[in-house]
Amino acid sequence: MHSKHWISALAFTAGLVTGGFVASTSAQAQTTVRIAWYSDGNEGEVITDLLKRFEAENKDIKVVLDQVPYKAITENLPVQLASGQGPDIARVVDLGGIARYALDLRPHLKDAAYWEKNFGPFLPWMRPEGDSKAITGFMTQLTVSGPFVNKTLFEQAGIAIPGAKATWEEWGKAARDVAAKVQAPFPLAMDRSGHRFFSVAVSEGAKVFDAKGEPAVIDDGFKRGAKLVYDWHNNGVMKKELWGSVSGTAYRGANDEFKNAQVVMYQSGSWQIAQFDKTVGDAFDWVAVPAPCGAAACSGMPGGAGLVAIKTTKSPEAVAKVMEYLASEPVLSEFYARSLFVPGHLGIAAKGLDYKGASAPAKAALKVFSDQVAQLSPVAYQLQGYTSNRVIFNAVISRLGQAISGEGSLDEAYKRIESDIAQQIAERKK
C-alpha cells in the first residue's frame with residue numbers, strides 16, 4: 001500500500017519538475033499484479049523466467065512475485081485474506097479453504113472452454129461451496145502421494161524390494177529388516193500430514209464420508225490405517241522423533257533425513273522429485289514405487305498446488321491476462337517439464353511431457369507417479385475435492401499425534417477427531 005503512494009508521490013514531483021504531468025501518467029499506466037508463491041523445488045526460478053517473458057510482451061502489466069515459505073501460505077495467507085488484504089494471485093494447497101476468497105475469472109477469460117476442457121476435473125477443487133461454474137485458477141501441478149525408496153540400502157542389506165502389489169505391512173517389515181542390517185536410523189518415514197496418512201487409511205478401506213457426503217471419518221478402514229501407524233511408532237518401524245518433534249497440526253517432513261541416506265522408505269509424494277534430483281545427486285540410488293496396498297485399494301492421495309486468483313484484486317482484467325498466459329499450453333508445458341511436475345492439464349498429460357533436464361532416476365520416478373493417477377481411489381478424489389478437507393486433515397494429525405506421543409489412547413483420539421471435525425465445520429458454516 002505505502003509503496004504505491006510513494007511511487008505516485010514521486011511521479012507527481014517529477015511531473016511538476018518537468019513542467020507537466022507526463023511522468024505521472026506513464027507511472028500510473030502500469031498495473032501491478034502481485035503473486036504470493038512458495039516452492040518445493042526449482043519452480044520459483046522457472047516461474048520467474050516465464051513471467052519476465054510475459055512482462056516483455058505486456059508492457060502495461062508489472063508482475064511482482066513474492067516468494068514466501070510454505071508455512072506463510074498455510075498459516076499467514078488465510079488470516080490476510082480473511083481481513084480483506086492479500087495478493088492478487090496466490091499459489092495455495094488448501095484449495096477448499098481458500099475458495100471463498102477466490103475470484104471467478106470466467107467473465108474475464110478469452111476462452112473459458114479451454115479451461116473447462118483441460119482443467120475440468122480439478123476446477124471443483126478450487127470453487128466456493130455451492131458454486132458449480134466458477135473458474136478460479138489452475139493446478140500448478142497434480143501431485144500424487146507415494147513412497148520413495150533408498151534402493152542402495154536394500155542392495156547393501158541383500159533384501160529384495162517388495163513388488164508392485166505389496167501391502168503396507170510387507171513394506172513396513174522390509175524397511176525394518178533393511179534398517180536393522182545397514183544401521184539406518186529411520187526404517188519408514190512418513191510426512192506428518194493428514195494427506196499422507198489418508199493414503200494409508202483410504203487404502204485400508206476408510207470411506208471418510210456418509211451417503212449424503214457429510215464427514216463420517218471414523219470407520220473400520222480408518223481404524224486399520226491409524227492402528228498401523230500407531231503400531232509402527234511402537235515397534236520401531238517409524239521413529240517418534242519425527243512426528244513427536246512437533247505438536248498440534250504442525251507439518252513435519254523427512255526430506256533432509258532421506259537425502260542424507262538415513263531413511264529406507266519415505267512416504268511423501270511426487271513434488272519431491274525435483275528436490276531429490278538435485279540434493280541426492282549420485283550419493284545413492286533412489287526410486288519411486290507404486291502405492292502399497294491395504295484391504296481396499298492401493299491408492300495414494302491426489303493433490304497439488306493451485307494458482308488461484310483472489311477476488312479483492314483491484315485489477316481483475318490484468319490478473320486474468322497473467323493467468324491466461326501461465327495456463328496456456330506452451331507456457332504450462334514448459335513449466336511442468338522444467339520443474340519436474342506431473343501435469344494437472346489433461347491435454348498435456350495425454351500428449352506426455354519430455355522432461356529434458358531430468359536425470360534418469362527423476363524421469364523414472366515421474367513415470368511411476370504419472371501411472372499412479374489411474375489407480376487413485378474415488379474416495380481419495382472425494383476427500384481432496386471436499387471444501388473442508390483441511391479440517392479433517394488437521395484433526396486427524398493433531399489427535400493421532402497425541403496418541404503416538406503417549407498422550408491418551410487411540411480410542412480417545414478417535415472420539416476427539418470426531419468432535420473436532422463436527423465443531424470446526426459448524427464454525428465454518430456460521
# chains A, B, ... in the order shown; residues from 1 in each chain; ligands from 1
call {"tool": "closest_atom_pairs", "arguments": {"of": "region 266-292 of chain A", "to": "region 356-375 of chain A", "cutoff": "7 Å", "atoms": "only C-alpha atoms", "output": "JSON lines"}}
result
{"residue": "A:Ser270", "atom": "CA", "partner": "A:Phe369", "partner_atom": "CA", "distance": 6.3}
{"residue": "A:Ile273", "atom": "CA", "partner": "A:Ala362", "partner_atom": "CA", "distance": 6.1}
{"residue": "A:Asp277", "atom": "CA", "partner": "A:Ala362", "partner_atom": "CA", "distance": 6.0}
{"residue": "A:Trp286", "atom": "CA", "partner": "A:Pro361", "partner_atom": "CA", "distance": 7.0}
{"residue": "A:Val287", "atom": "CA", "partner": "A:Ala365", "partner_atom": "CA", "distance": 6.2}
{"residue": "A:Ala288", "atom": "CA", "partner": "A:Ala365", "partner_atom": "CA", "distance": 4.9}
{"residue": "A:Val289", "atom": "CA", "partner": "A:Val368", "partner_atom": "CA", "distance": 6.6}
{"residue": "A:Pro290", "atom": "CA", "partner": "A:Val368", "partner_atom": "CA", "distance": 6.5}
call {"tool": "select_by_dssp", "arguments": {"residues": "region 173-358 of chain A", "states": "helix (DSSP H, G or I)", "output": "ChimeraX atom specification"}}
result
/A:173-182,194-203,220-235,240-243,255-259,270-279,316-327,329-339,346-351
call {"tool": "residues_around", "arguments": {"residues": "Asn234 (chain A)", "least_positions_apart": "5", "cutoff": "12 Å", "atoms": "only C-alpha atoms", "output": "list in words"}}
result
Lys227, Leu228, Val229, Lys239, Lys240, Glu241, Ala403, Ile404, Ser405 and Gly406 of chain A
call {"tool": "select_by_dssp", "arguments": {"residues": "region 92-166 of chain A", "states": "strand (DSSP E or B)", "output": "PyMOL selection string"}}
result
chain A and resi 92+102+137-139+142-150
call {"tool": "write_last_selection", "arguments": {"atoms": "N, CA, C and O atoms", "output": "compact mmCIF listing (two decimals), in the first residue's frame"}}
result
# COMPACT_ATOMS: atom_id res chain seq x y z
N VAL A 92 -1.60 -21.93 -3.67
CA VAL A 92 -2.10 -22.49 -2.41
C VAL A 92 -2.34 -23.99 -2.51
O VAL A 92 -2.54 -24.54 -3.60
N ALA A 102 -11.74 -16.64 -3.60
CA ALA A 102 -11.28 -16.73 -4.98
C ALA A 102 -12.14 -15.88 -5.93
O ALA A 102 -13.34 -15.73 -5.72
N GLY A 137 -8.87 -20.76 -11.01
CA GLY A 137 -7.43 -20.98 -11.12
C GLY A 137 -7.14 -22.29 -11.81
O GLY A 137 -8.03 -22.91 -12.39
N PHE A 138 -5.87 -22.71 -11.74
CA PHE A 138 -5.47 -23.99 -12.35
C PHE A 138 -4.41 -24.63 -11.46
O PHE A 138 -3.81 -23.98 -10.61
N MET A 139 -4.17 -25.92 -11.70
CA MET A 139 -3.20 -26.65 -10.89
C MET A 139 -1.78 -26.40 -11.42
O MET A 139 -1.49 -26.67 -12.58
N LEU A 142 -0.22 -31.56 -10.59
CA LEU A 142 -1.03 -32.57 -9.93
C LEU A 142 -0.04 -33.35 -9.09
O LEU A 142 1.02 -33.73 -9.59
N THR A 143 -0.32 -33.55 -7.82
CA THR A 143 0.59 -34.35 -7.02
C THR A 143 -0.09 -35.66 -6.68
O THR A 143 -1.31 -35.76 -6.61
N VAL A 144 0.74 -36.66 -6.46
CA VAL A 144 0.26 -37.96 -6.02
C VAL A 144 1.16 -38.36 -4.87
O VAL A 144 2.39 -38.28 -4.98
N SER A 145 0.56 -38.73 -3.74
CA SER A 145 1.39 -39.17 -2.62
C SER A 145 1.88 -40.58 -2.91
O SER A 145 1.24 -41.34 -3.63
N GLY A 146 3.03 -40.91 -2.36
CA GLY A 146 3.58 -42.24 -2.57
C GLY A 146 4.99 -42.32 -2.01
O GLY A 146 5.56 -41.32 -1.61
N PRO A 147 5.55 -43.52 -2.00
CA PRO A 147 6.84 -43.72 -1.35
C PRO A 147 8.05 -43.57 -2.28
O PRO A 147 8.02 -43.94 -3.44
N PHE A 148 9.11 -43.04 -1.68
CA PHE A 148 10.45 -43.08 -2.26
C PHE A 148 11.25 -44.12 -1.47
O PHE A 148 11.11 -44.22 -0.25
N VAL A 149 12.10 -44.85 -2.17
CA VAL A 149 12.87 -45.92 -1.53
C VAL A 149 14.35 -45.72 -1.82
O VAL A 149 14.73 -45.40 -2.96
N ASN A 150 15.17 -45.89 -0.78
CA ASN A 150 16.62 -45.86 -0.97
C ASN A 150 17.03 -47.26 -1.45
O ASN A 150 17.18 -48.18 -0.66
call {"tool": "residues_around", "arguments": {"residues": "Arg192 (chain A)", "least_positions_apart": "3", "cutoff": "10 Å", "atoms": "only C-alpha atoms", "output": "JSON, numbers by chain"}}
result
{"A": [189, 195, 196, 197, 242, 243, 244, 246, 247, 249, 250, 251, 252, 253, 254, 267, 268, 397, 398, 401]}
call {"tool": "closest_residue", "arguments": {"among": "A:Val342, A:Glu214, A:Ala36, A:Glu257", "to": "Gln80 (chain A)", "atoms": "only C-alpha atoms"}}
result
A:Ala36
call {"tool": "closest_residue", "arguments": {"among": "A:Asn255, A:Ser409, A:Thr313, A:Gln30", "to": "Gly86 (chain A)", "atoms": "only C-alpha atoms"}}
result
A:Thr313
call {"tool": "residues_around", "arguments": {"residues": "Tyr101 (chain A)", "least_positions_apart": "5", "cutoff": "9 Å", "atoms": "only C-alpha atoms", "output": "list of chain:residue names"}}
result
A:Leu81, A:Ala82, A:Gly84, A:Pro128, A:Ala309, A:Ile310, A:Lys311, A:Thr312
call {"tool": "closest_residue", "arguments": {"among": "A:Arg390, A:Lys52, A:Lys151, A:Lys133", "to": "Phe258 (chain A)", "atoms": "only C-alpha atoms"}}
result
A:Lys151
call {"tool": "residues_around", "arguments": {"residues": "Leu65 (chain A)", "least_positions_apart": "6", "cutoff": "12 Å", "atoms": "only C-alpha atoms", "output": "list in words"}}
result
Thr32, Val33, Arg34, Ile35, Ala36, Trp37, Tyr38, Ser39, Gly44, Glu45, Val46, Ile47, Thr48, Asp49, Leu50, Leu51, Lys52, Pro87, Asp88, Ile89, Ala90, Arg91 and Val322 of chain A
call {"tool": "residues_around", "arguments": {"residues": "Val217 (chain A)", "least_positions_apart": "2", "cutoff": "12 Å", "atoms": "only C-alpha atoms", "output": "NGL selection string"}}
result
:A and (198 or 201-202 or 205-210 or 213-215 or 219-223 or 225-226 or 379 or 383 or 389 or 391-393 or 395-396 or 414-422)
call {"tool": "atom_distance", "arguments": {"atom1": "CA of Gln275 (chain A)", "atom2": "CA of Ser199 (chain A)"}}
result
21.8 Å
call {"tool": "closest_residue", "arguments": {"among": "A:Gly194, A:Pro107, A:Pro378, A:Pro316", "to": "Leu400 (chain A)", "atoms": "only C-alpha atoms"}}
result
A:Gly194
call {"tool": "closest_residue", "arguments": {"among": "A:Arg428, A:Gly96, A:Asn394, A:Asn235", "to": "Glu129 (chain A)", "atoms": "only C-alpha atoms"}}
result
A:Gly96
